[in-house]
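Below is one structure, written out as structure tokens; the observations come after it.
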Amino acid sequence: MADEMVRRAQRFINTTYGDGATLGISKLKENGQTSWTVMHALTRALQYEMGIESLSDAFGPTTLAIIGEKYGKLDGTTIPSAIFCRIIQSALYCKGYDGGEIDGKYNNRVEASVVKLHRDMGVDSTYPEGSLWPKTVKGLFNMDAYITVSGGTNTIRSIQQWMNGKYILRKDYFIIPCDGHFSRDVQKSMLLAIQYELGMADGVANGVFGPGTKNGLKTHILSIGSAGTWVQLFSAAMIFNRRPSVSFTSSYTSALADAVRSFQSFLKLSVNGTADFQTWASLLVSYGDDTRKGTAFDCADEVTAARAKSLYSAGYRLGGRYLTNVPGTKLDKVIKPGELKTMADAGLSCFPIYQTYGDTSAYFSEFQGTSDAIAATEAAIGHGFKKGTRIYFAIDYDNTDEEITSRLLPHFKGINEGIVQAGNLYKVGIYATRNACSRVSQAGLASASFVSNMSAGYSGNLGFPMPSNWAIDQIKTISVGSGDGKIEIDNDISSGLESGQNSFNTPPSKADLDVVFDMTWKNELLKEVQAYLKSIGIPEEGPPDSWPSFGKTKYTTSFCVKFLLQWDDLFTSLARILRMRKALIQVSAFWELRHHNITSIADLPVPKANDDFSDACVYEYHNDGNLPDWVTQFGNKITPFNDCSTGIGQIFGSRAITARNYAVDLGLLDEAKRNPTKDADIWSVWQKLHFNQSYNISTVPYMHILHAHEYGLPRPSTTTSGKDIEALLKYYQGNTAEAAQQAKLRMGLYQLLEDKFNSIFRKYGTRSVNLRVK
């Protein structure tokens, strides 16, 4: 909502400093909304008026020092100019306080607001008058709030105010927000407060959990009967970690001791009810006491027999290993053949980790999540992990809260979807920061958390409590063993939620399974497909020559080839999981996509031939009003009916239900069966087929499996004959003469994909120097 006084503040900056060139900024939008952009502009204006030549967005040490040196404090007797005063007044309005008329007068209204600001900050005992002091000026020129904001608590705010009031005169302590939220700045200030109480001098205290702080805390064990500032700091740390039923207090009561026992039990610390060093450490930094001895580990190196013996002797019982390598890198971290048996024989269980790139926000999306889940399923099957194993999907970068919302939640939604599409064999876990683990788990998208607490500087670990469903707590990289038994691992604490696996299925043979497409050959693929389709009367754009003159298609050949490559991981994983040829799945999806008909209804003798029109009819059948534009565009020509072929593979909802039910019977899928004659079930599946590309693609192979069953053919496999492949391509369209004719044309595309690309990649691998596609 726009604030007129904030708008006036923005206008003041624009009119006083022109187009912003004087301050090195762009002209402000006069929208009446406070933002960092506005605060940065006001900070630069303040610096300019103080004579600072090098202007900056940051209210840093130079700005702070000059205020103290030139003015000591800012009020009606020291403000150097009307413009300077108007900057202060504007900042007050942008922080939600009365700044007077922005008229350059430090009057009673301004003084009253400064008094209120100091009271909200908690520093009014130190600064009781209406004058601004250097550190409170710094606190004025930022976006920190000094009142409880949404999601914050008044208890945390009172602690923030207490800390500000108690430590404001220390050199390196600055005003922290009083918004009721535990954050990075609050956590650092808590460490500063502890260091001050330990007797560290200004310049020595630095807010870092280093050796001096650790040694000092070991001498400040608190228990029932303890009192004073140390208990206040400890109870504050408990509250910051969101421990329930804890009051901010200076007395260590039996109630506080009970809360401490609960916290210690939760984190697998010694349960004694006292504020000992390990408890202090776990409250103050994400990794806690990093000298703790864990019983779990994760590592990138192979666990050989000698290493497994070292690990077991060192007390480890559970280890995390990687399902795959990262394409295009030299790091070889994947589980090796026979390694899981070696671990099991030595008494070590294993939990699988899936991570490819995952180190920037750009990687994560719903589409990528689905692809990752299916690839992880295929890899887990290939290593012999049994049904019910939990796979931990990794987020290995410092994500922001906004990125969790925009990237990671959709990504894990896609992962859950992909797990189901790949047969629902495995559970979903998450490896990430505390914040990401908590939010993804709270959304119901992960059943357990592997927490990257070792990355203590990550914003997602600063100011956030441990996830309630934590299973593995990663705290420090160490080496275990010697000689052949030496191995570098991450020492992890286990909560007991994750037991891993110590027995495995016999890994299926990977011989003759399809592999991912080598993208260096994408242009060659396009040329080959274009040439073949053109030879059978299908141009790059538009309908096949065999269609009537009024025919019109939605997608070009180039678009369809790009689509195949975009979803190659999914096509490959489905083919490997179901032990069939990738080309069979590719051709059915590609062919239907290339033939998607969008001919004008007015030109069609049979309106249903327009695929979009048929979709609209089904959509209207199942919805009463509030129809989207893509439906209403057909007006009153629509004749509602309950089902039609839809989506990439042009599959009927009822037929998809039948196919997926059959796959459930075969043990290929683990999902609730639906009724193919029930409108509600048809509509539920039809929507997925229409709106969810990965669901549609993953249903294609189950359609082929169903057709093989219905027409007495062997289930499609990696050895299915060309004759049976052609029959399956025919039955995908129906058991008609036209379908048989179309199957011969599809068969040509199948042979192109299989013989000129897929089979060669299987034989030679991708990125082969000597690979030649002819």
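Numbering starts fresh at 1 for the residues of each chain in the structure tokens, the chains themselves are lettered A, B, ... in the order given, and ligands are numbered from 1 as they appear.
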
Inset, instruction - Write out as number ranges by chain which residues come within 12 Å of Ala45 of chain A when counting only C-alpha atoms, dropping same-chain ones fewer than 4 positions away. - result: A: 9-10, 12-14, 16-18, 20-25, 38-41, 49-59, 63, 83-88, 90-91, 141

Could you dump the residues just selected with C-alpha atoms as a tab-separated table (two decimals), in the first residue's frame?
chain	number	residue	atom	x	y	z
A	9	ALA	CA	10.37	11.44	0.65
A	10	GLN	CA	11.02	9.86	-2.75
A	12	PHE	CA	12.42	15.02	-2.17
A	13	ILE	CA	15.36	12.84	-3.29
A	14	ASN	CA	14.42	13.18	-6.96
A	16	THR	CA	17.01	17.63	-4.69
A	17	TYR	CA	19.45	15.41	-6.54
A	18	GLY	CA	18.06	15.52	-10.07
A	20	GLY	CA	20.21	10.60	-9.43
A	21	ALA	CA	23.57	11.09	-11.11
A	22	THR	CA	24.82	13.14	-8.14
A	23	LEU	CA	24.22	10.16	-5.87
A	24	GLY	CA	25.19	7.53	-8.44
A	25	ILE	CA	21.71	6.05	-8.58
A	38	VAL	CA	14.93	4.08	-1.17
A	39	MET	CA	17.05	3.46	1.93
A	40	HIS	CA	20.19	3.23	-0.16
A	41	ALA	CA	19.32	6.53	-1.84
A	49	GLU	CA	25.75	16.07	2.66
A	50	MET	CA	28.51	15.03	5.08
A	51	GLY	CA	31.12	15.55	2.36
A	52	ILE	CA	31.99	11.89	1.78
A	53	GLU	CA	33.34	11.63	-1.77
A	54	SER	CA	32.96	7.91	-2.35
A	55	LEU	CA	29.25	7.23	-1.91
A	56	SER	CA	27.96	3.78	-1.04
A	57	ASP	CA	24.72	1.94	-0.37
A	58	ALA	CA	26.25	0.70	2.86
A	59	PHE	CA	26.09	2.65	6.09
A	63	THR	CA	29.75	7.07	7.66
A	83	ILE	CA	18.48	19.35	3.49
A	84	PHE	CA	20.34	17.18	5.99
A	85	CYS	CA	17.34	17.39	8.32
A	86	ARG	CA	14.94	16.51	5.51
A	87	ILE	CA	16.99	13.36	4.85
A	88	ILE	CA	16.50	12.37	8.51
A	90	SER	CA	12.42	11.13	5.15
A	91	ALA	CA	14.19	8.16	6.76
A	141	PHE	CA	18.89	3.93	7.60

Identify all residues of segment 522-661 of chain A in strand (DSSP E) (DSSP on the backbone) and supply them as a compact mmCIF listing (two decimals) with all heavy atoms, in the first residue's frame.
# COMPACT_ATOMS: atom_id res chain seq x y z
N SER A 645 -8.73 -38.22 -26.22
CA SER A 645 -7.27 -38.33 -26.16
C SER A 645 -6.70 -36.93 -25.95
O SER A 645 -7.19 -35.95 -26.51
CB SER A 645 -6.73 -38.95 -27.44
OG SER A 645 -7.06 -38.16 -28.57
N THR A 646 -5.65 -36.82 -25.13
CA THR A 646 -5.14 -35.50 -24.80
C THR A 646 -3.65 -35.55 -24.48
O THR A 646 -3.09 -36.61 -24.20
CB THR A 646 -5.92 -34.90 -23.60
OG1 THR A 646 -5.60 -33.51 -23.47
CG2 THR A 646 -5.58 -35.62 -22.30
N ILE A 651 -3.62 -39.48 -25.13
CA ILE A 651 -4.12 -40.66 -24.42
C ILE A 651 -5.46 -40.33 -23.78
O ILE A 651 -5.63 -39.26 -23.18
CB ILE A 651 -3.12 -41.09 -23.32
CG1 ILE A 651 -1.73 -41.31 -23.93
CG2 ILE A 651 -3.61 -42.34 -22.61
CD1 ILE A 651 -0.64 -41.50 -22.90
N PHE A 652 -6.43 -41.23 -23.90
CA PHE A 652 -7.71 -41.07 -23.23
C PHE A 652 -7.55 -41.27 -21.73
O PHE A 652 -6.76 -42.13 -21.29
CB PHE A 652 -8.72 -42.11 -23.76
CG PHE A 652 -9.36 -41.75 -25.07
CD1 PHE A 652 -8.71 -41.99 -26.26
CD2 PHE A 652 -10.63 -41.19 -25.10
CE1 PHE A 652 -9.30 -41.67 -27.46
CE2 PHE A 652 -11.23 -40.86 -26.30
CZ PHE A 652 -10.57 -41.10 -27.50

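Counting from atom CA of Thr553 of chain A, the distance to atom CA of Leu570 of chain A is 25.2 Å.
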
Legend entry - Asp629 of chain A environment, 12 Å, only C-alpha atoms, sequence neighbours closer than 2 positions dropped, as a PyMOL selection string: chain A and resi 612+616+619-620+625-627+631-635

Next, dump the selected residues to file, keeping only N, CA and C atoms, as an mmCIF file, in the first residue's frame.
data_model
loop_
_atom_site.group_PDB
_atom_site.id
_atom_site.type_symbol
_atom_site.label_atom_id
_atom_site.label_comp_id
_atom_site.auth_asym_id
_atom_site.auth_seq_id
_atom_site.Cartn_x
_atom_site.Cartn_y
_atom_site.Cartn_z
ATOM 1 N N ASP A 612 -7.499 -29.456 -29.877
ATOM 2 C CA ASP A 612 -7.799 -28.446 -28.863
ATOM 3 C C ASP A 612 -9.302 -28.365 -28.614
ATOM 4 N N ALA A 616 -11.401 -29.006 -25.166
ATOM 5 C CA ALA A 616 -12.322 -28.015 -24.631
ATOM 6 C C ALA A 616 -13.677 -28.646 -24.302
ATOM 7 N N TYR A 619 -13.254 -30.494 -21.086
ATOM 8 C CA TYR A 619 -13.096 -29.557 -19.967
ATOM 9 C C TYR A 619 -14.446 -28.986 -19.554
ATOM 10 N N GLU A 620 -15.277 -28.622 -20.536
ATOM 11 C CA GLU A 620 -16.585 -28.049 -20.207
ATOM 12 C C GLU A 620 -17.502 -29.095 -19.594
ATOM 13 N N GLY A 625 -19.063 -23.506 -15.496
ATOM 14 C CA GLY A 625 -18.700 -22.095 -15.413
ATOM 15 C C GLY A 625 -17.221 -21.891 -15.121
ATOM 16 N N ASN A 626 -16.796 -20.628 -15.096
ATOM 17 C CA ASN A 626 -15.400 -20.261 -14.842
ATOM 18 C C ASN A 626 -14.435 -20.987 -15.770
ATOM 19 N N LEU A 627 -14.788 -21.003 -17.029
ATOM 20 C CA LEU A 627 -13.960 -21.710 -18.008
ATOM 21 C C LEU A 627 -12.813 -20.832 -18.490
ATOM 22 N N VAL A 631 -10.872 -22.614 -23.609
ATOM 23 C CA VAL A 631 -12.134 -23.331 -23.776
ATOM 24 C C VAL A 631 -13.198 -22.421 -24.378
ATOM 25 N N THR A 632 -13.343 -21.221 -23.824
ATOM 26 C CA THR A 632 -14.415 -20.321 -24.258
ATOM 27 C C THR A 632 -14.216 -19.814 -25.682
ATOM 28 N N GLN A 633 -13.002 -19.931 -26.230
ATOM 29 C CA GLN A 633 -12.775 -19.457 -27.601
ATOM 30 C C GLN A 633 -13.647 -20.186 -28.630
ATOM 31 N N PHE A 634 -14.114 -21.406 -28.257
ATOM 32 C CA PHE A 634 -14.917 -22.180 -29.205
ATOM 33 C C PHE A 634 -16.413 -21.862 -29.104
ATOM 34 N N GLY A 635 -16.773 -21.007 -28.139
ATOM 35 C CA GLY A 635 -18.156 -20.537 -28.052
ATOM 36 C C GLY A 635 -19.175 -21.646 -27.910
#

Inset, instruction - Looking only at helix (DSSP H, G or I) from DSSP on the backbone, list the matching residues of segment 193-249 of chain A as a count of residues only. - result: 24

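Take atom CA of Leu198 of chain A and atom CA of Met121 of chain A: the distance between them is 24.5 Å.
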
Legend entry - Straight-line distance linking atom CA of Met580 of chain A with atom CA of Glu528 of chain A, stated in Å to one decimal: 23.1 Å

Inset, instruction - Excluding segment 736-748 of chain A and residues on its chain fewer than 3 positions from it, collect all residues at most 9 Å away from it, counting only C-alpha atoms, and give them as a ChimeraX atom specification. - result: /A:532-533,536,587-588,591,722,725-733,751-753

Inset, instruction - Mind checking which residues fall within 10 Å of Arg655 of chain A, counting only C-alpha atoms, ignoring those fewer than 3 positions away in the same chain, and posting them as a PyMOL selection string? - result: chain A and resi 643-645+651-652+658-661+676-677+682+685-686+703+706

Write out, as JSON lines, each residue of segment 664-741 of chain A that has an atom at most 12 Å from segment 494-512 of chain A, together with the closest pair of atoms and their distance in Å to one decimal, counting only C-alpha atoms, rows going by chain and rising number.
{"residue": "A:Ser717", "atom": "CA", "partner": "A:Asp512", "partner_atom": "CA", "distance": 10.6}
{"residue": "A:Thr718", "atom": "CA", "partner": "A:Asp512", "partner_atom": "CA", "distance": 7.2}
{"residue": "A:Thr719", "atom": "CA", "partner": "A:Asp512", "partner_atom": "CA", "distance": 9.2}

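The smallest atom-to-atom distance between Leu140 of chain A and any of A:Phe613, A:Phe691, A:Tyr93, A:Phe450, using only C-alpha atoms, is found for A:Tyr93.
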